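What follows is a short report on a single structure.
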Amino acid sequence: FAVAEVLHAALFEGKVVETQNTLTRVHMSARDWRRSVPAWLRGAAIGAPFGCIPAGGTEIPTFLSYATEKKLSKHQEEFGTTGAIEGVAGPEAANNAAITATLVPLLTLGIPTSNTTAILLGAFQNYGIQPGPQLFDTNGALVWALIASMYIGNVMLLILNLPMVGLW
């Protein structure tokens, strides 16, 4: 990593004019919501199956969702610039759906399909819990507590992040 940084600094530092998009507002408008909701639904539909298959990863559904949104958009000229909210909403939904869906094969079959679920599998086994078909019978409370914690975590993120969106 250091070699690439040194070469970049030596070759390009000070020679490239950096530009940043100016932040005009921090909350979504009604138009943004109308354009985002279908992209979220399509992204979730694309991402969830990839999370359930071994080595599905998050990159494939993310790129598929971006290509889908670009193809279906009525505003194709906005892609690659600062205007197409679908180009962010769809791939982000696909990524989140794929990551969340990795728990399905872990909890139901005991198969980790990502690095994170492999660590979770190791943690479960460390405590004498064997994920798989019998998990819901032997440790049903744990499974439902895990599912509930994801909902609670998402609500906490909303509560914390919405007021702080301007800062972030």
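Residues are referred to by chain and number: the chain letter is A, B, ... according to the order shown in the structure tokens, the number counts from 1 in that chain, and ligands are numbered separately from 1 in the order shown.
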
Legend entry - Contacts of A:Gly132 within 9 Å, only C-alpha atoms, excl. fewer than 5 positions in-chain, as a list of chain:residue names: A:Pro105, A:Leu106, A:Leu107, A:Thr108, A:Leu109, A:Gly110, A:Ile111

Kindly export the residues of the current selection with all heavy atoms, as a PDB file, in the first residue's frame.
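Ended up saving to again_24.pdb:
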```
ATOM      1  N   PRO A 105     -27.863 -18.591   4.985  1.00  0.00           N
ATOM      2  CA  PRO A 105     -27.214 -19.906   4.936  1.00  0.00           C
ATOM      3  C   PRO A 105     -26.421 -20.224   6.210  1.00  0.00           C
ATOM      4  O   PRO A 105     -26.273 -21.388   6.562  1.00  0.00           O
ATOM      5  CB  PRO A 105     -26.298 -19.833   3.718  1.00  0.00           C
ATOM      6  CG  PRO A 105     -26.151 -18.398   3.404  1.00  0.00           C
ATOM      7  CD  PRO A 105     -27.352 -17.699   3.948  1.00  0.00           C
ATOM      8  N   LEU A 106     -25.947 -19.200   6.906  1.00  0.00           N
ATOM      9  CA  LEU A 106     -25.213 -19.469   8.141  1.00  0.00           C
ATOM     10  C   LEU A 106     -26.139 -20.052   9.199  1.00  0.00           C
ATOM     11  O   LEU A 106     -25.830 -21.081   9.807  1.00  0.00           O
ATOM     12  CB  LEU A 106     -24.565 -18.193   8.678  1.00  0.00           C
ATOM     13  CG  LEU A 106     -23.876 -18.372  10.035  1.00  0.00           C
ATOM     14  CD1 LEU A 106     -22.633 -19.244   9.886  1.00  0.00           C
ATOM     15  CD2 LEU A 106     -23.535 -17.045  10.656  1.00  0.00           C
ATOM     16  N   LEU A 107     -27.277 -19.410   9.416  1.00  0.00           N
ATOM     17  CA  LEU A 107     -28.168 -19.862  10.478  1.00  0.00           C
ATOM     18  C   LEU A 107     -28.939 -21.124  10.103  1.00  0.00           C
ATOM     19  O   LEU A 107     -29.229 -21.951  10.966  1.00  0.00           O
ATOM     20  CB  LEU A 107     -29.140 -18.746  10.849  1.00  0.00           C
ATOM     21  CG  LEU A 107     -28.516 -17.481  11.441  1.00  0.00           C
ATOM     22  CD1 LEU A 107     -29.574 -16.433  11.697  1.00  0.00           C
ATOM     23  CD2 LEU A 107     -27.733 -17.784  12.702  1.00  0.00           C
ATOM     24  N   THR A 108     -29.278 -21.297   8.832  1.00  0.00           N
ATOM     25  CA  THR A 108     -30.097 -22.443   8.446  1.00  0.00           C
ATOM     26  C   THR A 108     -29.292 -23.679   8.064  1.00  0.00           C
ATOM     27  O   THR A 108     -29.734 -24.794   8.301  1.00  0.00           O
ATOM     28  CB  THR A 108     -31.020 -22.085   7.269  1.00  0.00           C
ATOM     29  OG1 THR A 108     -30.224 -21.667   6.163  1.00  0.00           O
ATOM     30  CG2 THR A 108     -31.999 -21.000   7.664  1.00  0.00           C
ATOM     31  N   LEU A 109     -28.121 -23.489   7.466  1.00  0.00           N
ATOM     32  CA  LEU A 109     -27.322 -24.625   7.004  1.00  0.00           C
ATOM     33  C   LEU A 109     -25.958 -24.725   7.689  1.00  0.00           C
ATOM     34  O   LEU A 109     -25.264 -25.724   7.519  1.00  0.00           O
ATOM     35  CB  LEU A 109     -27.113 -24.532   5.484  1.00  0.00           C
ATOM     36  CG  LEU A 109     -28.380 -24.491   4.634  1.00  0.00           C
ATOM     37  CD1 LEU A 109     -28.034 -24.205   3.188  1.00  0.00           C
ATOM     38  CD2 LEU A 109     -29.138 -25.795   4.768  1.00  0.00           C
ATOM     39  N   GLY A 110     -25.555 -23.682   8.392  1.00  0.00           N
ATOM     40  CA  GLY A 110     -24.236 -23.683   9.018  1.00  0.00           C
ATOM     41  C   GLY A 110     -23.115 -23.419   8.032  1.00  0.00           C
ATOM     42  O   GLY A 110     -21.965 -23.774   8.275  1.00  0.00           O
ATOM     43  N   ILE A 111     -23.451 -22.777   6.902  1.00  0.00           N
ATOM     44  CA  ILE A 111     -22.461 -22.498   5.853  1.00  0.00           C
ATOM     45  C   ILE A 111     -22.159 -21.004   5.854  1.00  0.00           C
ATOM     46  O   ILE A 111     -23.044 -20.191   5.577  1.00  0.00           O
ATOM     47  CB  ILE A 111     -22.993 -22.904   4.464  1.00  0.00           C
ATOM     48  CG1 ILE A 111     -23.306 -24.391   4.429  1.00  0.00           C
ATOM     49  CG2 ILE A 111     -21.989 -22.535   3.375  1.00  0.00           C
ATOM     50  CD1 ILE A 111     -24.020 -24.826   3.171  1.00  0.00           C
TER      51      ILE A 111
END
```

Using only C-alpha atoms, tabulate the residues of stretch 26-98 of chain A lying at most 8 Å from any atom of stretch 113-120 of chain A, each with its closest atom pair and that distance in Å to one decimal, by chain and increasing residue number, as CSV.
```
residue,atom,partner,partner_atom,distance
A:Gly51,CA,A:Thr113,CA,7.2
A:Cys52,CA,A:Thr113,CA,7.1
A:Ile53,CA,A:Thr113,CA,6.6
A:Pro54,CA,A:Thr113,CA,4.5
A:Ala55,CA,A:Thr113,CA,5.7
A:Gly56,CA,A:Thr113,CA,7.3
A:Gly57,CA,A:Ser114,CA,7.0
```

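The shortest atom-to-atom distance to A:Ala84, with only C-alpha atoms taken into account, belongs to A:Ser36 out of A:Pro61, A:Asn96, A:Ser36, A:Thr68.
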
I'd like the contact shell of stretch 154-163 of chain A - 12 Å cut-off, only C-alpha atoms, skipping same-chain residues fewer than 3 positions apart - returned as a JSON list (two decimals) with N, CA, C and O atoms, in the first residue's frame.
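This went into part-v2.json:
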```
[["chain", "number", "residue", "atom", "x", "y", "z"],
["A", 26, "VAL", "N", -28.99, 18.62, 2.80],
["A", 26, "VAL", "CA", -28.62, 17.38, 3.47],
["A", 26, "VAL", "C", -29.75, 16.36, 3.52],
["A", 26, "VAL", "O", -29.52, 15.21, 3.81],
["A", 27, "HIS", "N", -30.98, 16.77, 3.26],
["A", 27, "HIS", "CA", -32.10, 15.85, 3.28],
["A", 27, "HIS", "C", -32.65, 15.64, 1.88],
["A", 27, "HIS", "O", -32.52, 16.50, 1.01],
["A", 28, "MET", "N", -33.28, 14.50, 1.68],
["A", 28, "MET", "CA", -33.81, 14.16, 0.37],
["A", 28, "MET", "C", -35.10, 14.92, 0.10],
["A", 28, "MET", "O", -35.93, 15.09, 0.99],
["A", 96, "ASN", "N", -26.38, -3.82, 0.76],
["A", 96, "ASN", "CA", -26.93, -4.08, 2.08],
["A", 96, "ASN", "C", -27.74, -5.38, 2.09],
["A", 96, "ASN", "O", -27.69, -6.13, 3.06],
["A", 100, "THR", "N", -26.79, -8.68, 4.40],
["A", 100, "THR", "CA", -27.77, -9.19, 5.37],
["A", 100, "THR", "C", -28.16, -10.62, 5.05],
["A", 100, "THR", "O", -28.35, -11.43, 5.95],
["A", 147, "ILE", "N", -31.97, -11.67, 15.26],
["A", 147, "ILE", "CA", -32.82, -10.98, 14.29],
["A", 147, "ILE", "C", -33.35, -9.68, 14.89],
["A", 147, "ILE", "O", -33.34, -8.63, 14.23],
["A", 148, "ALA", "N", -33.80, -9.72, 16.13],
["A", 148, "ALA", "CA", -34.30, -8.51, 16.79],
["A", 148, "ALA", "C", -33.19, -7.46, 16.93],
["A", 148, "ALA", "O", -33.45, -6.26, 16.78],
["A", 149, "SER", "N", -31.98, -7.91, 17.21],
["A", 149, "SER", "CA", -30.88, -6.95, 17.37],
["A", 149, "SER", "C", -30.59, -6.22, 16.07],
["A", 149, "SER", "O", -30.19, -5.05, 16.09],
["A", 150, "MET", "N", -30.81, -6.87, 14.93],
["A", 150, "MET", "CA", -30.60, -6.18, 13.65],
["A", 150, "MET", "C", -31.65, -5.09, 13.45],
["A", 150, "MET", "O", -31.33, -4.00, 12.98],
["A", 151, "TYR", "N", -32.90, -5.38, 13.81],
["A", 151, "TYR", "CA", -33.94, -4.35, 13.72],
["A", 151, "TYR", "C", -33.66, -3.20, 14.68],
["A", 151, "TYR", "O", -33.76, -2.03, 14.31],
["A", 166, "GLY", "N", -26.06, 16.38, 8.57],
["A", 166, "GLY", "CA", -25.30, 17.55, 8.14],
["A", 166, "GLY", "C", -23.84, 17.46, 8.54],
["A", 166, "GLY", "O", -22.95, 17.88, 7.80],
["A", 167, "LEU", "N", -23.58, 16.90, 9.71],
["A", 167, "LEU", "CA", -22.21, 16.74, 10.17],
["A", 167, "LEU", "C", -21.47, 15.68, 9.39],
["A", 167, "LEU", "O", -20.31, 15.86, 9.00],
["A", 168, "TRP", "N", -22.13, 14.56, 9.13],
["A", 168, "TRP", "CA", -21.49, 13.48, 8.42],
["A", 168, "TRP", "C", -21.20, 13.90, 7.00],
["A", 168, "TRP", "O", -20.25, 13.56, 6.39]]
```

Inset, instruction - Measure the distance from atom CA of A:Ala141 to atom CA of A:Ala97 in Å and round it to one decimal. - result: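 Distance reported for this atom pair: 23.7 Å.
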
Legend entry - Of the listed residues A:Phe1, A:Phe50, A:Trp33, A:Tyr127, that which approaches A:Thr102 most closely, counting only C-alpha atoms: A:Phe50

Inset, instruction - Go ahead and compute the interatomic distance for atom CA of A:Gly153 and atom CA of A:Phe63, in Å to one decimal. - result: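 Separating atom CA of A:Gly153 from atom CA of A:Phe63 is a distance of 26.8 Å.
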
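The spacing separating atom CA of A:Gly83 from atom CA of A:Ile99 amounts to 26.6 Å.
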
Inset, instruction - Rank A:Gly122, A:Gly140, A:Pro112, A:Gly90 by their smallest atom-to-atom distance to A:Leu41, using only C-alpha atoms, and report the top residue only. - result: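 Result for the nearest residue to A:Leu41: A:Gly90.
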
Inset, instruction - Find the residue from A:Glu59, A:Asp137, A:Glu86, A:Glu92 that sits nearest to A:Ala39; use only C-alpha atoms when measuring. - result: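 For A:Ala39, the nearest of the given residues is A:Glu86.
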
Inset, instruction - Point out the residue among A:Ala4, A:Thr58, A:Val88, A:Leu121 with the least atom-to-atom distance to A:Trp40, counting only C-alpha atoms. - result: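 Checking each of A:Ala4, A:Thr58, A:Val88, A:Leu121 against A:Trp40, counting only C-alpha atoms, the winner is A:Val88.
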
Legend entry - helix (DSSP H, G or I) call set, DSSP backbone run, stretch 15-84 of chain A, as a VMD selection string: chain A and resid 30 to 52 59 to 72 76 to 78

Write the residues of the selection above to a file with C-alpha atoms, as a PDB file, in the first residue's frame.
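Listed below is the output, part_24.pdb:
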```
ATOM      1  CA  ALA A  30     -39.801  14.434  -2.578  1.00  0.00           C
ATOM      2  CA  ARG A  31     -38.356  13.981  -6.074  1.00  0.00           C
ATOM      3  CA  ASP A  32     -35.348  12.129  -4.633  1.00  0.00           C
ATOM      4  CA  TRP A  33     -37.666   9.833  -2.672  1.00  0.00           C
ATOM      5  CA  ARG A  34     -39.738   9.070  -5.792  1.00  0.00           C
ATOM      6  CA  ARG A  35     -36.606   8.222  -7.750  1.00  0.00           C
ATOM      7  CA  SER A  36     -34.968   6.236  -4.932  1.00  0.00           C
ATOM      8  CA  VAL A  37     -37.714   3.904  -3.736  1.00  0.00           C
ATOM      9  CA  PRO A  38     -37.934   1.811  -6.955  1.00  0.00           C
ATOM     10  CA  ALA A  39     -34.129   1.659  -7.060  1.00  0.00           C
ATOM     11  CA  TRP A  40     -34.049   0.436  -3.447  1.00  0.00           C
ATOM     12  CA  LEU A  41     -36.565  -2.295  -4.188  1.00  0.00           C
ATOM     13  CA  ARG A  42     -34.756  -3.437  -7.334  1.00  0.00           C
ATOM     14  CA  GLY A  43     -31.401  -3.322  -5.545  1.00  0.00           C
ATOM     15  CA  ALA A  44     -32.714  -5.413  -2.665  1.00  0.00           C
ATOM     16  CA  ALA A  45     -34.177  -7.944  -5.109  1.00  0.00           C
ATOM     17  CA  ILE A  46     -30.855  -8.183  -6.934  1.00  0.00           C
ATOM     18  CA  GLY A  47     -28.664  -8.328  -3.800  1.00  0.00           C
ATOM     19  CA  ALA A  48     -30.520 -10.780  -1.554  1.00  0.00           C
ATOM     20  CA  PRO A  49     -29.995 -13.924  -3.675  1.00  0.00           C
ATOM     21  CA  PHE A  50     -26.272 -13.207  -3.969  1.00  0.00           C
ATOM     22  CA  GLY A  51     -25.920 -13.141  -0.200  1.00  0.00           C
ATOM     23  CA  CYS A  52     -27.380 -16.621   0.047  1.00  0.00           C
ATOM     24  CA  GLU A  59     -19.451  -6.612  -5.770  1.00  0.00           C
ATOM     25  CA  ILE A  60     -21.485  -8.510  -8.358  1.00  0.00           C
ATOM     26  CA  PRO A  61     -24.941  -7.396  -7.164  1.00  0.00           C
ATOM     27  CA  THR A  62     -23.667  -3.848  -6.701  1.00  0.00           C
ATOM     28  CA  PHE A  63     -22.484  -3.601 -10.296  1.00  0.00           C
ATOM     29  CA  LEU A  64     -25.570  -5.408 -11.595  1.00  0.00           C
ATOM     30  CA  SER A  65     -27.797  -2.971  -9.740  1.00  0.00           C
ATOM     31  CA  TYR A  66     -25.896   0.033 -11.099  1.00  0.00           C
ATOM     32  CA  ALA A  67     -26.167  -1.315 -14.649  1.00  0.00           C
ATOM     33  CA  THR A  68     -29.876  -1.990 -14.151  1.00  0.00           C
ATOM     34  CA  GLU A  69     -30.534   1.486 -12.818  1.00  0.00           C
ATOM     35  CA  LYS A  70     -28.574   3.079 -15.626  1.00  0.00           C
ATOM     36  CA  LYS A  71     -30.472   1.061 -18.223  1.00  0.00           C
ATOM     37  CA  LEU A  72     -33.925   1.737 -16.720  1.00  0.00           C
ATOM     38  CA  GLN A  76     -29.332   8.433 -18.288  1.00  0.00           C
ATOM     39  CA  GLU A  77     -27.344  11.598 -18.945  1.00  0.00           C
ATOM     40  CA  GLU A  78     -27.108  12.184 -15.186  1.00  0.00           C
TER      41      GLU A  78
END
```
